[in-house]
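Please read the structure below before turning to the comments.
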Amino acid sequence: MANDEVVLKQYLTKYKHRDFTCREVLNLIQFYKSLTYRLEGFVFNSGSRKDLLNLEGTIPVNYKGAFYNIPVSIWLMDTHPQNAPLAFVKPTKDMSIKVSKYVDSNGKVYLPYLHDWAPNNSTLQNLIQCMAVAFGELPPVYSKPRNETRTPYPVNSFMPQPAGYPYPQAQVAPQPGYPGPTPYPAASNLPYPSYGSPYPGPVSTNGGMPFMPPTSSATPYPPAAGYTPAPEHAGGTITEEHIKASLLSAVEDKLRRRLREQAQQSNAELETLRRTQQELREGKGRLEDILSRLQRERAELDKNVALLQEKEKELEAAVEKLAEQEGVDVDEAVVTTAPLYSQLLNAFAEEATLEDAMYYMGEALRKEVIDLDTFLKQVRTLARRQFTLRALMHKCRQKAQLAC
């Protein structure tokens, strides 16, 4: 897995979204083990050539109860996932393309999923699932007629015959729970879908036939997983042992698929439980922090409450003591400890009275009780006396070493 990631990142150096494409391809080849990847040159109709990542291999397709491996090739644009990939069916030397509304004569795949490709929602895995569903409805390939006339087309071969195959088939009664041999439907004349691919097709180099991307040497079509083709016999007959082996392989393949699905489902549930456990642990840590902080705040509040209760008791005692005492004369209550402080206190009291007198003189002028000349004369006298008192207080403070 780590080696695949390193190689993929080297292949995808010119891709706009390299990390996203790498992750998606790794997930895809992990799910579809038969798919391989490589960097190859792709030539467009305009003549331009680009090195694109090619995903090549087979995908399982369910056709009338039996699974077949269909060879495909998927080319990822260098702007993936902003633009849809190009998908092709790549028949082997023993197959021919069966034209339908999903596949043209050159093997190019046309699907609504490709036409409506959405960068934020569409994925390669969903694309392959849509291809499998479409190919299960209309198979994209059929096996070519053989040149040998002595051997009929085997019933349990890896590919069903097209309609109208010239050689006879051995008639075998279908077994319960196992689908009998069913040929592919004849090539239909259904029109192509109204939409077209958003990308140009391959370059035409041989009289209008599009140029297919370079491929490796043709290999036989791989059989379905867990399925072993029955050997041919001179008379084209299939023994009971062959049918039994075929049934066993089909049951084994079905059990493997179910076990694989259950394992994947269990792994997904286990991963969800692990994430939930991690979130619960993190939440537990946060709750413990909040609880410890609340405990500290509660201790501080208890301390403050105790302090306030003590102060309240002191205030109540002082109030009771004052209630027991007689009225206090203000003049007798304020007694200075030294003549200097007495002089400072008298000067401050007189200066405050002068301040009040000037205020009321201003109010009298505003209400026209006195005239302006009288106001100015009295204010001048009061201000001179006020200045003298303030100078006296300043000297007293300096003498008593108080803040000036």
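Every chain in the structure tokens has a letter given in the order shown (A, B, ...), and although residue numbers restart at 1 in each chain, ligands are simply numbered from 1 in the order shown.
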Any chance you could tabulate, as CSV, the residues of stretch 9-77 of chain A at most 12 Å from stretch 257-263 of chain A with each one's nearest atom pair and distance in Å to one decimal, using only C-alpha atoms, in chain and rising number order?
residue,atom,partner,partner_atom,distance
A:Phe31,CA,A:Arg260,CA,10.6
A:Pro60,CA,A:Arg257,CA,11.4
A:Phe67,CA,A:Arg257,CA,11.4
Skipping near chain neighbours, those fewer than 6 positions away, what residues fall within 10 Å of A:Leu376 using only C-alpha atoms, listed as a PDB file with N, CA and C atoms, in the first residue's frame?
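Writing done, so here's around_4.pdb:
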ATOM      1  N   MET A 361     -23.422  83.551  44.821  1.00  0.00           N
ATOM      2  CA  MET A 361     -23.323  84.875  44.187  1.00  0.00           C
ATOM      3  C   MET A 361     -23.624  84.752  42.692  1.00  0.00           C
ATOM      4  N   GLY A 362     -23.117  83.711  42.075  1.00  0.00           N
ATOM      5  CA  GLY A 362     -23.417  83.490  40.652  1.00  0.00           C
ATOM      6  C   GLY A 362     -24.888  83.242  40.426  1.00  0.00           C
ATOM      7  N   LEU A 365     -26.716  86.548  40.629  1.00  0.00           N
ATOM      8  CA  LEU A 365     -26.553  87.343  39.403  1.00  0.00           C
ATOM      9  C   LEU A 365     -27.432  86.786  38.288  1.00  0.00           C
ATOM     10  N   LEU A 382     -13.900  87.708  47.735  1.00  0.00           N
ATOM     11  CA  LEU A 382     -13.923  86.293  48.129  1.00  0.00           C
ATOM     12  C   LEU A 382     -12.775  85.519  47.504  1.00  0.00           C
TER      13      LEU A 382
END
May I have the residues within 12 Å of A:Leu35 as a list in words, using only C-alpha atoms and disregarding those fewer than 2 positions away in the same chain?
Val25, Leu26, Asn27, Leu28, Ile29, Gln30, Phe31, Tyr32, Lys33, Tyr37, Arg38, Asn54, Leu55, Glu56, Gly57, Thr58, Ile59, Pro60, Asn69, Ile70, Pro71, Val72, Ser73, Ile74, Gln125 and Ile128 of chain A
Restricted to C-alpha atoms, what would the selected residues look like written as a PDB file, in the first residue's frame?
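Writing the result to part11.pdb gives the following:
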ATOM      1  CA  VAL A  25      -7.153   5.435  -6.807  1.00  0.00           C
ATOM      2  CA  LEU A  26      -5.690   3.629  -3.776  1.00  0.00           C
ATOM      3  CA  ASN A  27      -9.172   3.067  -2.342  1.00  0.00           C
ATOM      4  CA  LEU A  28     -10.407   1.866  -5.736  1.00  0.00           C
ATOM      5  CA  ILE A  29      -7.655  -0.690  -6.384  1.00  0.00           C
ATOM      6  CA  GLN A  30      -8.007  -1.923  -2.819  1.00  0.00           C
ATOM      7  CA  PHE A  31     -11.696  -2.615  -3.456  1.00  0.00           C
ATOM      8  CA  TYR A  32     -11.257  -3.920  -7.039  1.00  0.00           C
ATOM      9  CA  LYS A  33      -8.150  -6.109  -6.823  1.00  0.00           C
ATOM     10  CA  TYR A  37      -2.601   1.414 -12.906  1.00  0.00           C
ATOM     11  CA  ARG A  38       0.107   2.855 -15.107  1.00  0.00           C
ATOM     12  CA  ASN A  54      -4.763   4.501 -16.938  1.00  0.00           C
ATOM     13  CA  LEU A  55      -6.738   2.103 -14.717  1.00  0.00           C
ATOM     14  CA  GLU A  56      -6.971  -1.208 -16.523  1.00  0.00           C
ATOM     15  CA  GLY A  57      -8.438  -4.569 -15.559  1.00  0.00           C
ATOM     16  CA  THR A  58     -11.755  -6.338 -15.163  1.00  0.00           C
ATOM     17  CA  ILE A  59     -14.911  -5.527 -13.227  1.00  0.00           C
ATOM     18  CA  PRO A  60     -17.517  -8.105 -12.106  1.00  0.00           C
ATOM     19  CA  ASN A  69     -15.481 -10.198 -15.616  1.00  0.00           C
ATOM     20  CA  ILE A  70     -15.652  -7.416 -18.212  1.00  0.00           C
ATOM     21  CA  PRO A  71     -12.305  -5.885 -19.296  1.00  0.00           C
ATOM     22  CA  VAL A  72     -12.308  -2.099 -19.048  1.00  0.00           C
ATOM     23  CA  SER A  73      -9.880   0.813 -19.220  1.00  0.00           C
ATOM     24  CA  ILE A  74     -10.435   4.111 -17.387  1.00  0.00           C
ATOM     25  CA  GLN A 125     -16.093   3.612  -7.346  1.00  0.00           C
ATOM     26  CA  ILE A 128     -17.623   1.375 -11.868  1.00  0.00           C
TER      27      ILE A 128
END
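Considering the residues A:Leu344, A:Leu12, A:Ala134, A:Ile290 and counting only C-alpha atoms, A:Leu76 has its shortest atom-to-atom contact with A:Leu12.
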Taking the backbone alone, and naming residues the way the document does, which bits of stretch 7-139 of chain A are helix (DSSP H, G or I) by DSSP, as a PDB file with N, CA and C atoms, in the first residue's frame?
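Result file out_4.pdb:
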ATOM      1  N   VAL A   7       4.549   5.273  -5.772  1.00  0.00           N
ATOM      2  CA  VAL A   7       4.547   5.196  -7.248  1.00  0.00           C
ATOM      3  C   VAL A   7       3.463   6.085  -7.836  1.00  0.00           C
ATOM      4  N   LEU A   8       2.272   6.057  -7.227  1.00  0.00           N
ATOM      5  CA  LEU A   8       1.177   6.884  -7.740  1.00  0.00           C
ATOM      6  C   LEU A   8       1.521   8.366  -7.688  1.00  0.00           C
ATOM      7  N   LYS A   9       2.123   8.815  -6.597  1.00  0.00           N
ATOM      8  CA  LYS A   9       2.479  10.232  -6.494  1.00  0.00           C
ATOM      9  C   LYS A   9       3.532  10.623  -7.524  1.00  0.00           C
ATOM     10  N   GLN A  10       4.399   9.676  -7.889  1.00  0.00           N
ATOM     11  CA  GLN A  10       5.352   9.963  -8.969  1.00  0.00           C
ATOM     12  C   GLN A  10       4.631  10.082 -10.311  1.00  0.00           C
ATOM     13  N   TYR A  11       3.627   9.205 -10.533  1.00  0.00           N
ATOM     14  CA  TYR A  11       2.864   9.267 -11.774  1.00  0.00           C
ATOM     15  C   TYR A  11       2.021  10.545 -11.856  1.00  0.00           C
ATOM     16  N   ARG A  18      -3.302  16.158  -6.966  1.00  0.00           N
ATOM     17  CA  ARG A  18      -2.545  14.914  -6.892  1.00  0.00           C
ATOM     18  C   ARG A  18      -2.930  14.089  -5.669  1.00  0.00           C
ATOM     19  N   ASP A  19      -2.969  14.714  -4.507  1.00  0.00           N
ATOM     20  CA  ASP A  19      -3.233  13.955  -3.278  1.00  0.00           C
ATOM     21  C   ASP A  19      -4.631  13.343  -3.287  1.00  0.00           C
ATOM     22  N   PHE A  20      -5.627  14.116  -3.732  1.00  0.00           N
ATOM     23  CA  PHE A  20      -7.007  13.597  -3.783  1.00  0.00           C
ATOM     24  C   PHE A  20      -7.090  12.425  -4.761  1.00  0.00           C
ATOM     25  N   THR A  21      -6.509  12.573  -5.960  1.00  0.00           N
ATOM     26  CA  THR A  21      -6.546  11.512  -6.959  1.00  0.00           C
ATOM     27  C   THR A  21      -5.827  10.271  -6.456  1.00  0.00           C
ATOM     28  N   CYS A  22      -4.695  10.466  -5.784  1.00  0.00           N
ATOM     29  CA  CYS A  22      -3.939   9.322  -5.251  1.00  0.00           C
ATOM     30  C   CYS A  22      -4.773   8.554  -4.237  1.00  0.00           C
ATOM     31  N   ARG A  23      -5.415   9.253  -3.318  1.00  0.00           N
ATOM     32  CA  ARG A  23      -6.240   8.577  -2.316  1.00  0.00           C
ATOM     33  C   ARG A  23      -7.394   7.820  -2.963  1.00  0.00           C
ATOM     34  N   GLU A  24      -8.035   8.435  -3.949  1.00  0.00           N
ATOM     35  CA  GLU A  24      -9.185   7.788  -4.579  1.00  0.00           C
ATOM     36  C   GLU A  24      -8.761   6.537  -5.345  1.00  0.00           C
ATOM     37  N   VAL A  25      -7.631   6.600  -6.054  1.00  0.00           N
ATOM     38  CA  VAL A  25      -7.153   5.435  -6.807  1.00  0.00           C
ATOM     39  C   VAL A  25      -6.749   4.317  -5.853  1.00  0.00           C
ATOM     40  N   LEU A  26      -6.083   4.652  -4.744  1.00  0.00           N
ATOM     41  CA  LEU A  26      -5.690   3.629  -3.776  1.00  0.00           C
ATOM     42  C   LEU A  26      -6.912   2.919  -3.193  1.00  0.00           C
ATOM     43  N   ASN A  27      -7.938   3.685  -2.849  1.00  0.00           N
ATOM     44  CA  ASN A  27      -9.172   3.067  -2.342  1.00  0.00           C
ATOM     45  C   ASN A  27      -9.831   2.187  -3.399  1.00  0.00           C
ATOM     46  N   LEU A  28      -9.760   2.616  -4.661  1.00  0.00           N
ATOM     47  CA  LEU A  28     -10.407   1.866  -5.736  1.00  0.00           C
ATOM     48  C   LEU A  28      -9.705   0.538  -5.977  1.00  0.00           C
ATOM     49  N   ILE A  29      -8.371   0.557  -6.101  1.00  0.00           N
ATOM     50  CA  ILE A  29      -7.655  -0.690  -6.384  1.00  0.00           C
ATOM     51  C   ILE A  29      -7.656  -1.617  -5.170  1.00  0.00           C
ATOM     52  N   GLN A  30      -7.872  -1.067  -3.993  1.00  0.00           N
ATOM     53  CA  GLN A  30      -8.007  -1.923  -2.819  1.00  0.00           C
ATOM     54  C   GLN A  30      -9.345  -2.646  -2.825  1.00  0.00           C
ATOM     55  N   PHE A  31     -10.375  -1.998  -3.382  1.00  0.00           N
ATOM     56  CA  PHE A  31     -11.696  -2.615  -3.456  1.00  0.00           C
ATOM     57  C   PHE A  31     -11.790  -3.540  -4.667  1.00  0.00           C
ATOM     58  N   PRO A 112     -25.004   8.162 -18.290  1.00  0.00           N
ATOM     59  CA  PRO A 112     -25.482   9.412 -17.677  1.00  0.00           C
ATOM     60  C   PRO A 112     -24.599   9.866 -16.521  1.00  0.00           C
ATOM     61  N   TYR A 113     -23.999   8.910 -15.818  1.00  0.00           N
ATOM     62  CA  TYR A 113     -23.139   9.284 -14.683  1.00  0.00           C
ATOM     63  C   TYR A 113     -21.920  10.059 -15.155  1.00  0.00           C
ATOM     64  N   LEU A 114     -21.385   9.680 -16.315  1.00  0.00           N
ATOM     65  CA  LEU A 114     -20.252  10.433 -16.883  1.00  0.00           C
ATOM     66  C   LEU A 114     -20.706  11.785 -17.403  1.00  0.00           C
ATOM     67  N   HIS A 115     -21.888  11.807 -18.037  1.00  0.00           N
ATOM     68  CA  HIS A 115     -22.392  13.068 -18.587  1.00  0.00           C
ATOM     69  C   HIS A 115     -22.704  14.075 -17.489  1.00  0.00           C
ATOM     70  N   LEU A 124     -14.891   7.429  -8.592  1.00  0.00           N
ATOM     71  CA  LEU A 124     -14.566   6.334  -9.504  1.00  0.00           C
ATOM     72  C   LEU A 124     -15.279   5.049  -9.098  1.00  0.00           C
ATOM     73  N   GLN A 125     -15.421   4.827  -7.799  1.00  0.00           N
ATOM     74  CA  GLN A 125     -16.093   3.612  -7.346  1.00  0.00           C
ATOM     75  C   GLN A 125     -17.556   3.604  -7.772  1.00  0.00           C
ATOM     76  N   ASN A 126     -18.237   4.744  -7.667  1.00  0.00           N
ATOM     77  CA  ASN A 126     -19.631   4.830  -8.135  1.00  0.00           C
ATOM     78  C   ASN A 126     -19.706   4.667  -9.649  1.00  0.00           C
ATOM     79  N   LEU A 127     -18.696   5.188 -10.362  1.00  0.00           N
ATOM     80  CA  LEU A 127     -18.674   5.037 -11.815  1.00  0.00           C
ATOM     81  C   LEU A 127     -18.614   3.564 -12.201  1.00  0.00           C
ATOM     82  N   ILE A 128     -17.738   2.803 -11.540  1.00  0.00           N
ATOM     83  CA  ILE A 128     -17.623   1.375 -11.868  1.00  0.00           C
ATOM     84  C   ILE A 128     -18.913   0.643 -11.509  1.00  0.00           C
ATOM     85  N   GLN A 129     -19.558   1.030 -10.418  1.00  0.00           N
ATOM     86  CA  GLN A 129     -20.834   0.402 -10.062  1.00  0.00           C
ATOM     87  C   GLN A 129     -21.892   0.695 -11.114  1.00  0.00           C
ATOM     88  N   CYS A 130     -21.922   1.934 -11.630  1.00  0.00           N
ATOM     89  CA  CYS A 130     -22.874   2.268 -12.704  1.00  0.00           C
ATOM     90  C   CYS A 130     -22.561   1.482 -13.964  1.00  0.00           C
ATOM     91  N   MET A 131     -21.260   1.310 -14.284  1.00  0.00           N
ATOM     92  CA  MET A 131     -20.882   0.513 -15.451  1.00  0.00           C
ATOM     93  C   MET A 131     -21.331  -0.927 -15.275  1.00  0.00           C
ATOM     94  N   ALA A 132     -21.167  -1.480 -14.067  1.00  0.00           N
ATOM     95  CA  ALA A 132     -21.572  -2.855 -13.828  1.00  0.00           C
ATOM     96  C   ALA A 132     -23.089  -3.025 -14.006  1.00  0.00           C
ATOM     97  N   VAL A 133     -23.866  -2.054 -13.524  1.00  0.00           N
ATOM     98  CA  VAL A 133     -25.319  -2.119 -13.672  1.00  0.00           C
ATOM     99  C   VAL A 133     -25.715  -2.018 -15.144  1.00  0.00           C
ATOM    100  N   ALA A 134     -25.083  -1.072 -15.873  1.00  0.00           N
ATOM    101  CA  ALA A 134     -25.412  -0.896 -17.292  1.00  0.00           C
ATOM    102  C   ALA A 134     -25.008  -2.122 -18.109  1.00  0.00           C
ATOM    103  N   PHE A 135     -23.823  -2.688 -17.832  1.00  0.00           N
ATOM    104  CA  PHE A 135     -23.370  -3.863 -18.575  1.00  0.00           C
ATOM    105  C   PHE A 135     -24.185  -5.097 -18.214  1.00  0.00           C
ATOM    106  N   GLY A 136     -24.744  -5.134 -16.989  1.00  0.00           N
ATOM    107  CA  GLY A 136     -25.629  -6.231 -16.650  1.00  0.00           C
ATOM    108  C   GLY A 136     -26.938  -6.163 -17.421  1.00  0.00           C
ATOM    109  N   GLU A 137     -27.320  -4.941 -17.807  1.00  0.00           N
ATOM    110  CA  GLU A 137     -28.534  -4.773 -18.619  1.00  0.00           C
ATOM    111  C   GLU A 137     -28.267  -5.065 -20.086  1.00  0.00           C
TER     112      GLU A 137
END
Rounded to one decimal, what separation in Å do you get between atom CA of A:Lys16 and atom CA of A:Trp75?
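Atom-to-atom, atom CA of A:Lys16 to atom CA of A:Trp75, that is 15.2 Å.
Atom pair atom CA of A:Leu389 / atom CA of A:Ala347: separated by 5.7 Å.
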Shell around A:Asp356 at 12 Å using only C-alpha atoms, local window under 6 positions removed, as a PDB file with N, CA and C atoms, in the first residue's frame:
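Result file follows (result21.pdb):
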ATOM      1  N   ALA A 349     -12.058  74.449  56.043  1.00  0.00           N
ATOM      2  CA  ALA A 349     -13.488  74.697  56.217  1.00  0.00           C
ATOM      3  C   ALA A 349     -13.867  76.073  55.697  1.00  0.00           C
ATOM      4  N   GLU A 350     -13.027  77.094  55.980  1.00  0.00           N
ATOM      5  CA  GLU A 350     -13.331  78.450  55.509  1.00  0.00           C
ATOM      6  C   GLU A 350     -13.255  78.526  53.990  1.00  0.00           C
ATOM      7  N   GLY A 362     -23.117  83.711  42.075  1.00  0.00           N
ATOM      8  CA  GLY A 362     -23.417  83.490  40.652  1.00  0.00           C
ATOM      9  C   GLY A 362     -24.888  83.242  40.426  1.00  0.00           C
ATOM     10  N   GLU A 363     -25.548  82.478  41.321  1.00  0.00           N
ATOM     11  CA  GLU A 363     -26.978  82.224  41.186  1.00  0.00           C
ATOM     12  C   GLU A 363     -27.776  83.511  41.356  1.00  0.00           C
ATOM     13  N   VAL A 379     -17.095  88.980  44.447  1.00  0.00           N
ATOM     14  CA  VAL A 379     -16.324  87.817  43.986  1.00  0.00           C
ATOM     15  C   VAL A 379     -14.835  88.098  44.079  1.00  0.00           C
ATOM     16  N   LEU A 382     -13.900  87.708  47.735  1.00  0.00           N
ATOM     17  CA  LEU A 382     -13.923  86.293  48.129  1.00  0.00           C
ATOM     18  C   LEU A 382     -12.775  85.519  47.504  1.00  0.00           C
ATOM     19  N   ALA A 383     -12.446  85.796  46.251  1.00  0.00           N
ATOM     20  CA  ALA A 383     -11.371  85.085  45.571  1.00  0.00           C
ATOM     21  C   ALA A 383     -10.027  85.385  46.206  1.00  0.00           C
ATOM     22  N   GLN A 386      -9.884  83.476  49.346  1.00  0.00           N
ATOM     23  CA  GLN A 386      -9.734  82.048  49.022  1.00  0.00           C
ATOM     24  C   GLN A 386      -8.300  81.703  48.637  1.00  0.00           C
TER      25      GLN A 386
END
Å distance separating atom CA of A:Leu345 from atom CA of A:Thr381, one decimal place:
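Distance between the two atoms: 21.7 Å.
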Could you pull the residues within 10 Å of A:Asp104, counting only C-alpha atoms, minus those fewer than 5 positions along the same chain, as a PyMOL selection string?
chain A and resi 88-89+97-99+109-110+140+191-192
Pick from A:Thr13, A:Gln401, A:Asn3, A:Asn83: nearest to A:Asn120, with only C-alpha atoms counted?
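Closest residue, counting only C-alpha atoms: A:Asn83.
Between A:Arg380 and the residues A:Ala299, A:Val61, A:Ala357, A:Ala317, the shortest atom-to-atom distance, using only C-alpha atoms, involves A:Ala357.
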